[in-house]
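Chemist: The structure follows.
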Amino acid sequence: MIETLKDQQTIVVAAHRGWKSAYPENTLLAFQQAMELGADMLEFDLRFSKDRVIMIIHDETVDRTTNGSGKVSDFTMEELKQLDAGGWFGVVYAGIKIPTLEELCDLLADYPHVLLNVEIKSSPDAKEVADAAVSLLRERGILANCVFTSFDAEVIAHLHDEHGCRTQGFPGQLMSNYVSGPDGTISKMWAVGISMKLLTPQVVQEYREQGILPWCYSPDVEQQVYYALGCGSLLMTVNDPLPAMRIREQM
Ligand code: G3P
Ligand code: CA
């Protein structure tokens with residue numbers, strides 16, 4: 001299924017941290033709502049707890065998205081589960097917990113066609129997080145639906161070389177020894193995440209010529225969606241899936 005993305009003729013919507021614009025990010029509620037809406041893919045962020053459980057949370061600390069304070073890696077999974085990961089977004093979401101990757105896998109059993117963009121956040125143990133995530137996703141029969149992302153070029157190379165995973169890298173990484181061959185053409189990136197600031201038809205064309213799938217983020221209003229389409233980037237990571245989905249219906 002993931003392979004067909006390279007020949008996709010219509011918009012593919014990846015919900016960034018779930019339906020981030022409407023629900024508390026990286027929560028099961030945000031993921032479920034995005035899938036119910038019809039998003040094709042979920043994007044989410046992984047880190048280890050102190051006891052090396054794979055948690056879904058973006059920041060290095062819990063400060064912004066919970067009622068707690070401190071580094072994620074200083075809390076055990078049980079301690080992280082005591083925190084409120086919804087109240088910061090709105091009082092009606094108070095009491096929502098930080099999910100584990102295992103819990104997301106359970107939820108995905110009801111949505112077997114949804115694809116996953118799994119980001120391994122940069123940290124000293126990022127490769128171990130990647131190893132653990134690959135192992136769990138394989139065990140749960142979901143690995144074939146995954147593209148892995150990291151801003152750490154070493155992690156991209158590790159996922160490619162050790163696990164044979166599809167990866168989404170970023171433009172700066174293409175210059176790195178970790179993700180490209182000496183001539184700059186043998187890339188370990190299956191796809192490339194291009195921010196709206198960098199997105200142009202020329203950039204998209206250049207990556208296509210190298211066999212790397214262009215994948216933009218985050219066209220959240222209709223004008224940006226049309227711009228991304230005009231550039232030739234059909235794969236879109238979005239905070240709000242609605243504009244891209246509305247335009248897709250008209251295509
Ligand atoms: O595809 C780009 C997206 O993964 C960026 O993620 O974690 O910087 O919001 P983040
Ligand atoms: Ca991310």
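Chain identifiers are assigned as A, B, and so on, following the order in which chains appear in the structure tokens; residues are numbered from 1 within each chain, and ligands are numbered from 1 in order of appearance.
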Within segment 40-129 of chain A, find each residue whose DSSP state, derived from the backbone, is alpha helix (DSSP H), and express the selection as JSON, numbers by chain.

Modeler: {"A": [77, 78, 79, 80, 81, 101, 102, 103, 104, 105, 106, 107, 108, 126, 127, 128, 129]}

Chemist: Skip Arg208 of chain A itself and residues of its chain fewer than 6 positions away, then list as a PyMOL selection string all residues within 12 Å of it, counting only C-alpha atoms.

Modeler: chain A and resi 6-7+185+189-192+201-202+214-215+231-233

Chemist: Take the residues that were just selected and, keeping C-alpha atoms, output them as an mmCIF file, in the first residue's frame.

Modeler:
```
data_model
loop_
_atom_site.group_PDB
_atom_site.id
_atom_site.type_symbol
_atom_site.label_atom_id
_atom_site.label_comp_id
_atom_site.auth_asym_id
_atom_site.auth_seq_id
_atom_site.Cartn_x
_atom_site.Cartn_y
_atom_site.Cartn_z
ATOM 1 C CA LYS A 6 4.839 6.993 -5.492
ATOM 2 C CA ASP A 7 2.236 6.635 -8.251
ATOM 3 C CA THR A 185 22.454 10.309 -5.645
ATOM 4 C CA MET A 189 15.521 8.617 1.928
ATOM 5 C CA TRP A 190 12.439 7.086 0.360
ATOM 6 C CA ALA A 191 10.593 10.377 0.712
ATOM 7 C CA VAL A 192 11.543 13.940 1.604
ATOM 8 C CA PRO A 201 7.902 23.117 -8.566
ATOM 9 C CA GLN A 202 11.666 22.961 -9.203
ATOM 10 C CA PRO A 214 8.245 14.764 -2.397
ATOM 11 C CA TRP A 215 6.045 15.198 0.686
ATOM 12 C CA CYS A 231 4.133 22.189 -7.300
ATOM 13 C CA GLY A 232 3.395 18.490 -7.797
ATOM 14 C CA SER A 233 3.383 17.433 -4.143
#
```

Chemist: List all protein, DNA and RNA residues that have an atom no more than 10 Å from any atom of ligand 2, counting only C-alpha atoms and all ligand atoms, and report them as a list in words.

Modeler: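 Final answer, ordered by chain and number: His16, Arg17, Asn26, Glu43, Phe44, Asp45, Leu46, Ile57, His58, Asp59, Asn117, Val118, Glu119, Ile120, Lys121, Thr149, Ser150, Phe151 and Thr237 of chain A.
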
Chemist: With only C-alpha atoms as the counted atoms, please give the residues lying no more than 12 Å from segment 154-162 of chain A, apart from itself and same-chain residues fewer than 4 positions off, as a PyMOL selection string.

Modeler: chain A and resi 118-135+146-150+166-170+173-174+176-181+186-192

Chemist: How about saving the chosen residues, C-alpha atoms kept, as an mmCIF file, in the first residue's frame?

Modeler:
```
data_model
loop_
_atom_site.group_PDB
_atom_site.id
_atom_site.type_symbol
_atom_site.label_atom_id
_atom_site.label_comp_id
_atom_site.auth_asym_id
_atom_site.auth_seq_id
_atom_site.Cartn_x
_atom_site.Cartn_y
_atom_site.Cartn_z
ATOM 1 C CA VAL A 118 6.393 7.343 12.604
ATOM 2 C CA GLU A 119 8.773 10.063 13.763
ATOM 3 C CA ILE A 120 11.670 9.082 16.008
ATOM 4 C CA LYS A 121 12.460 12.235 17.948
ATOM 5 C CA SER A 122 16.098 13.182 18.334
ATOM 6 C CA SER A 123 17.534 11.948 21.644
ATOM 7 C CA PRO A 124 20.662 10.084 22.834
ATOM 8 C CA ASP A 125 18.756 6.784 22.589
ATOM 9 C CA ALA A 126 16.912 7.524 19.339
ATOM 10 C CA LYS A 127 18.283 4.403 17.601
ATOM 11 C CA GLU A 128 17.058 2.220 20.454
ATOM 12 C CA VAL A 129 13.643 3.893 20.237
ATOM 13 C CA ALA A 130 13.684 3.112 16.512
ATOM 14 C CA ASP A 131 14.641 -0.535 17.167
ATOM 15 C CA ALA A 132 11.887 -0.941 19.755
ATOM 16 C CA ALA A 133 9.281 0.731 17.540
ATOM 17 C CA VAL A 134 10.191 -1.409 14.516
ATOM 18 C CA SER A 135 9.998 -4.516 16.671
ATOM 19 C CA CYS A 146 4.855 2.618 8.055
ATOM 20 C CA VAL A 147 7.200 5.317 6.816
ATOM 21 C CA PHE A 148 9.731 6.418 9.436
ATOM 22 C CA THR A 149 10.865 10.002 9.878
ATOM 23 C CA SER A 150 13.696 11.594 11.802
ATOM 24 C CA ARG A 166 11.035 3.279 4.214
ATOM 25 C CA THR A 167 12.167 6.657 5.456
ATOM 26 C CA GLN A 168 11.183 10.263 5.089
ATOM 27 C CA GLY A 169 14.171 12.545 5.500
ATOM 28 C CA PHE A 170 14.563 16.282 5.091
ATOM 29 C CA GLN A 173 20.081 15.584 5.247
ATOM 30 C CA LEU A 174 20.650 14.827 1.585
ATOM 31 C CA SER A 176 24.936 14.091 4.838
ATOM 32 C CA ASN A 177 27.128 11.002 4.483
ATOM 33 C CA TYR A 178 24.493 9.182 6.476
ATOM 34 C CA VAL A 179 21.752 9.532 3.924
ATOM 35 C CA SER A 180 23.467 9.854 0.546
ATOM 36 C CA GLY A 181 26.230 8.210 -1.404
ATOM 37 C CA ILE A 186 22.237 7.092 -3.624
ATOM 38 C CA SER A 187 19.824 8.170 -0.970
ATOM 39 C CA LYS A 188 18.514 6.297 2.024
ATOM 40 C CA MET A 189 15.521 8.617 1.928
ATOM 41 C CA TRP A 190 12.439 7.086 0.360
ATOM 42 C CA ALA A 191 10.593 10.377 0.712
ATOM 43 C CA VAL A 192 11.543 13.940 1.604
#
```

Chemist: Per DSSP on the backbone, what are the strand (DSSP E or B) residues of segment 1-250 of chain A, as a ChimeraX atom specification?

Modeler: /A:12-16,41-48,54-56,61,71,100,115-120,146-149,167-169,191-195,213-217,235-238

Chemist: How about saving the chosen residues, C-alpha atoms kept, as a PDB file, in the first residue's frame?

Modeler:
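File produced: part.pdb:
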```
ATOM      1  CA  VAL A  12      -2.842  11.864   0.288  1.00  0.00           C
ATOM      2  CA  VAL A  13      -3.602  13.350   3.694  1.00  0.00           C
ATOM      3  CA  ALA A  14      -1.304  12.658   6.647  1.00  0.00           C
ATOM      4  CA  ALA A  15      -2.729  14.015   9.907  1.00  0.00           C
ATOM      5  CA  HIS A  16       0.111  15.730  11.801  1.00  0.00           C
ATOM      6  CA  MET A  41      -2.156   8.497   7.352  1.00  0.00           C
ATOM      7  CA  LEU A  42      -1.285   9.448  10.934  1.00  0.00           C
ATOM      8  CA  GLU A  43       1.936  11.244  11.826  1.00  0.00           C
ATOM      9  CA  PHE A  44       3.176  10.969  15.423  1.00  0.00           C
ATOM     10  CA  ASP A  45       6.299  11.327  17.567  1.00  0.00           C
ATOM     11  CA  LEU A  46       8.064   8.704  19.679  1.00  0.00           C
ATOM     12  CA  ARG A  47      10.275   8.894  22.770  1.00  0.00           C
ATOM     13  CA  PHE A  48      11.225   6.513  25.562  1.00  0.00           C
ATOM     14  CA  ILE A  54       7.595   3.870  23.803  1.00  0.00           C
ATOM     15  CA  MET A  55       5.472   6.964  24.451  1.00  0.00           C
ATOM     16  CA  ILE A  56       3.805   9.223  21.882  1.00  0.00           C
ATOM     17  CA  THR A  61       9.669  17.809  28.125  1.00  0.00           C
ATOM     18  CA  LYS A  71      11.908  15.712  30.798  1.00  0.00           C
ATOM     19  CA  THR A 100       1.919   4.527  24.373  1.00  0.00           C
ATOM     20  CA  LEU A 115      -0.841   4.382   7.013  1.00  0.00           C
ATOM     21  CA  LEU A 116       1.642   5.599   9.609  1.00  0.00           C
ATOM     22  CA  ASN A 117       4.360   8.230   9.540  1.00  0.00           C
ATOM     23  CA  VAL A 118       6.393   7.343  12.604  1.00  0.00           C
ATOM     24  CA  GLU A 119       8.773  10.063  13.763  1.00  0.00           C
ATOM     25  CA  ILE A 120      11.670   9.082  16.008  1.00  0.00           C
ATOM     26  CA  CYS A 146       4.855   2.618   8.055  1.00  0.00           C
ATOM     27  CA  VAL A 147       7.200   5.317   6.816  1.00  0.00           C
ATOM     28  CA  PHE A 148       9.731   6.418   9.436  1.00  0.00           C
ATOM     29  CA  THR A 149      10.865  10.002   9.878  1.00  0.00           C
ATOM     30  CA  THR A 167      12.167   6.657   5.456  1.00  0.00           C
ATOM     31  CA  GLN A 168      11.183  10.263   5.089  1.00  0.00           C
ATOM     32  CA  GLY A 169      14.171  12.545   5.500  1.00  0.00           C
ATOM     33  CA  ALA A 191      10.593  10.377   0.712  1.00  0.00           C
ATOM     34  CA  VAL A 192      11.543  13.940   1.604  1.00  0.00           C
ATOM     35  CA  GLY A 193       9.613  16.275   3.875  1.00  0.00           C
ATOM     36  CA  ILE A 194       9.543  19.748   2.323  1.00  0.00           C
ATOM     37  CA  SER A 195       8.252  22.697   4.347  1.00  0.00           C
ATOM     38  CA  LEU A 213       8.963  11.080  -3.119  1.00  0.00           C
ATOM     39  CA  PRO A 214       8.245  14.764  -2.397  1.00  0.00           C
ATOM     40  CA  TRP A 215       6.045  15.198   0.686  1.00  0.00           C
ATOM     41  CA  CYS A 216       5.111  18.666   1.873  1.00  0.00           C
ATOM     42  CA  TYR A 217       4.145  20.046   5.278  1.00  0.00           C
ATOM     43  CA  LEU A 235       1.445  13.879  -0.282  1.00  0.00           C
ATOM     44  CA  MET A 236       0.639  16.410   2.444  1.00  0.00           C
ATOM     45  CA  THR A 237       1.155  16.383   6.195  1.00  0.00           C
ATOM     46  CA  VAL A 238      -1.447  18.725   7.670  1.00  0.00           C
TER      47      VAL A 238
END
```

Chemist: With only C-alpha atoms and all ligand atoms as the atoms that count, which of A:Asn239, A:Gln9, A:Ser21, A:Gln223 lies nearest to ligand 1?

Modeler: A:Asn239

Chemist: For Ala94 of chain A, work out the shell of residues within 12 Å, counting only C-alpha atoms and skipping chain neighbours fewer than 3 positions away, then give it as an NGL selection string.

Modeler: :A and (23-24 or 27 or 29 or 65-67 or 83-91 or 97-98)

Chemist: Selection from above, C-alpha atoms, as a short mmCIF file (atom, residue, chain, number, x, y, z; two decimals), in the first residue's frame, can you write it?

Modeler:
```cif
data_model
loop_
_atom_site.label_atom_id
_atom_site.label_comp_id
_atom_site.auth_asym_id
_atom_site.auth_seq_id
_atom_site.Cartn_x
_atom_site.Cartn_y
_atom_site.Cartn_z
CA TYR A 23 -7.88 18.03 19.36
CA PRO A 24 -4.95 17.74 21.78
CA THR A 27 -3.52 11.67 21.78
CA LEU A 29 -8.62 11.09 20.51
CA THR A 65 1.33 19.48 26.43
CA THR A 66 0.60 18.29 29.98
CA ASN A 67 0.05 19.68 33.44
CA LEU A 83 -0.36 13.56 33.77
CA ASP A 84 -3.22 15.36 32.04
CA ALA A 85 -2.39 15.65 28.32
CA GLY A 86 -5.69 17.24 27.26
CA GLY A 87 -6.58 20.07 29.65
CA TRP A 88 -4.01 22.45 28.16
CA PHE A 89 -5.92 22.33 24.85
CA GLY A 90 -9.40 22.82 26.32
CA VAL A 91 -11.23 22.07 29.54
CA LYS A 97 -3.51 10.65 28.86
CA ILE A 98 -0.26 10.48 26.89
#
```

Chemist: Pick from A:Gln205, A:Pro243, A:Ile2, A:Glu60: nearest to ligand 1, with only C-alpha atoms and all ligand atoms counted?

Modeler: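 That would be A:Glu60, the residue with the smallest distance to ligand 1.
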
Chemist: Quick one: distance from atom CA of Lys50 of chain A to atom CA of Trp19 of chain A in Å, one decimal?

Modeler: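 Going from atom CA of Lys50 of chain A over to atom CA of Trp19 of chain A covers 27.6 Å.
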
Chemist: Tell me which of A:Leu108, A:Leu229, A:Met175, A:Ala244 sits closest to Gln32 of chain A, counting only C-alpha atoms.

Modeler: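 Answer, going by the shortest atom-to-atom distance: A:Leu108.
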
Chemist: Which is closer to Asp106 of chain A than all the others in A:Met1, A:Tyr93, A:Gln250, A:Leu28, using only C-alpha atoms?

Modeler: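 Residue with the minimum atom-to-atom distance to Asp106 of chain A: A:Leu28.
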